[in-house]
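The structure appears right after this line, and notes come after that.
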Amino acid sequence: MPQQVRRESATTAQTPAARAVLDSLRAAAAVQAALADALRDGALTVDRWRCLAHVADAPGSSMSDLVDALLIAPATASRAVDALVDGGLLARALDPLDRRRVVLHVTRDGSRQLAAVADGVGAVAHRHGL
């Protein structure tokens, strides 16, 4: 006769730390989904918005700065930045202090795009208590 395996529910088997991590991941996923919905009508995806917003806060950021600050894969950063540059929202330039390094700056159109989505982003933050 096969031995019966007792299955505990996932919630009772989790440690408080595991529950806290899972709750945080659920909350982050909910914020990301709400942000994607708020950005849907514009030219920005969540990754593009994150990159554009970061460069607006830290002009002269490099690709590696974006990867480190946003905790995204280099390929994700490259795709997002390429699309933002192609769309005229970001500009690439050589760093005047290190001509081997490429830095990023938000264009006027990029600033306008950030302003256009600011209310929607603010609503997401408010709805999620951020």
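Naming scheme: A, B, ... for chains in displayed order of the structure tokens; residues 1 onward per chain; ligands 1 onward as shown.
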Shell of 12 Å around A:Ala27, only C-alpha atoms, local chain residues under 3 positions omitted, as a list of chain:residue names:
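Close residues of A:Ala27: A:Ala20, A:Val21, A:Leu22, A:Asp23, A:Ser24, A:Ala30, A:Val31, A:Gln32, A:Ala33, A:Ala34, A:Ala125, A:Arg127, A:His128, A:Gly129, A:Leu130.
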Write a file of the selected residues as a PDB file, in the first residue's frame, keeping N, CA and C atoms.
ATOM      1  N   ALA A  20       7.050  37.069   4.101  1.00  0.00           N
ATOM      2  CA  ALA A  20       7.342  38.488   3.864  1.00  0.00           C
ATOM      3  C   ALA A  20       7.915  38.706   2.466  1.00  0.00           C
ATOM      4  N   VAL A  21       8.799  37.811   2.041  1.00  0.00           N
ATOM      5  CA  VAL A  21       9.383  37.923   0.702  1.00  0.00           C
ATOM      6  C   VAL A  21       8.301  37.722  -0.358  1.00  0.00           C
ATOM      7  N   LEU A  22       7.476  36.707  -0.196  1.00  0.00           N
ATOM      8  CA  LEU A  22       6.402  36.460  -1.167  1.00  0.00           C
ATOM      9  C   LEU A  22       5.415  37.623  -1.211  1.00  0.00           C
ATOM     10  N   ASP A  23       5.079  38.170  -0.057  1.00  0.00           N
ATOM     11  CA  ASP A  23       4.178  39.327  -0.025  1.00  0.00           C
ATOM     12  C   ASP A  23       4.791  40.521  -0.746  1.00  0.00           C
ATOM     13  N   SER A  24       6.078  40.738  -0.554  1.00  0.00           N
ATOM     14  CA  SER A  24       6.761  41.849  -1.235  1.00  0.00           C
ATOM     15  C   SER A  24       6.785  41.637  -2.744  1.00  0.00           C
ATOM     16  N   ALA A  30       2.055  43.665  -8.479  1.00  0.00           N
ATOM     17  CA  ALA A  30       0.825  44.451  -8.594  1.00  0.00           C
ATOM     18  C   ALA A  30       1.139  45.880  -9.028  1.00  0.00           C
ATOM     19  N   VAL A  31       2.185  46.466  -8.467  1.00  0.00           N
ATOM     20  CA  VAL A  31       2.586  47.821  -8.860  1.00  0.00           C
ATOM     21  C   VAL A  31       3.020  47.826 -10.317  1.00  0.00           C
ATOM     22  N   GLN A  32       3.807  46.844 -10.723  1.00  0.00           N
ATOM     23  CA  GLN A  32       4.272  46.787 -12.110  1.00  0.00           C
ATOM     24  C   GLN A  32       3.101  46.640 -13.074  1.00  0.00           C
ATOM     25  N   ALA A  33       2.130  45.808 -12.746  1.00  0.00           N
ATOM     26  CA  ALA A  33       0.958  45.630 -13.618  1.00  0.00           C
ATOM     27  C   ALA A  33       0.151  46.923 -13.698  1.00  0.00           C
ATOM     28  N   ALA A  34      -0.028  47.591 -12.577  1.00  0.00           N
ATOM     29  CA  ALA A  34      -0.774  48.852 -12.572  1.00  0.00           C
ATOM     30  C   ALA A  34      -0.024  49.926 -13.358  1.00  0.00           C
ATOM     31  N   ALA A 125       1.192  55.129  -7.592  1.00  0.00           N
ATOM     32  CA  ALA A 125       1.885  55.230  -6.310  1.00  0.00           C
ATOM     33  C   ALA A 125       0.884  55.436  -5.175  1.00  0.00           C
ATOM     34  N   ARG A 127      -2.370  54.676  -5.114  1.00  0.00           N
ATOM     35  CA  ARG A 127      -3.209  53.488  -4.959  1.00  0.00           C
ATOM     36  C   ARG A 127      -2.496  52.374  -4.198  1.00  0.00           C
ATOM     37  N   HIS A 128      -1.179  52.319  -4.314  1.00  0.00           N
ATOM     38  CA  HIS A 128      -0.413  51.244  -3.669  1.00  0.00           C
ATOM     39  C   HIS A 128       0.297  51.716  -2.406  1.00  0.00           C
ATOM     40  N   GLY A 129      -0.049  52.911  -1.966  1.00  0.00           N
ATOM     41  CA  GLY A 129       0.508  53.403  -0.713  1.00  0.00           C
ATOM     42  C   GLY A 129       1.999  53.680  -0.752  1.00  0.00           C
ATOM     43  N   LEU A 130       2.484  54.128  -1.903  1.00  0.00           N
ATOM     44  CA  LEU A 130       3.930  54.394  -2.051  1.00  0.00           C
ATOM     45  C   LEU A 130       4.236  55.871  -1.911  1.00  0.00           C
TER      46      LEU A 130
END
Looking only at the backbone, which of the residues in chain A does DSSP tag as helix (DSSP H, G or I), as an MDAnalysis selection string?
chainID A and resid 10:13 16:39 46:57 63:70 74:86 108:127
Strand (DSSP E) per DSSP on the backbone: members of chain A, as a ChimeraX atom specification
/A:90-95,98-106
Restricting the calculation to only C-alpha atoms: of A:Arg99, A:His54, A:Arg112, A:His105, which residue gets closest to A:Leu71?
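Closest to A:Leu71, using only C-alpha atoms: A:His54.
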Polymer residues at most 12 Å from A:Ser64, only C-alpha atoms, same-chain spacing of 6 or more positions, as a list in words
Cys51, Leu70, Leu71, Ile72, Ala73, Pro74, Ala75, Thr76, Ala77, Ser78, Val81, Arg101, Val102, Val103 and Leu104 of chain A
Would you compute the distance between atom CA of A:Gly87 and atom CA of A:Gly110? Give it in Å to one decimal.
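Separation of atom CA of A:Gly87 and atom CA of A:Gly110: 8.8 Å.
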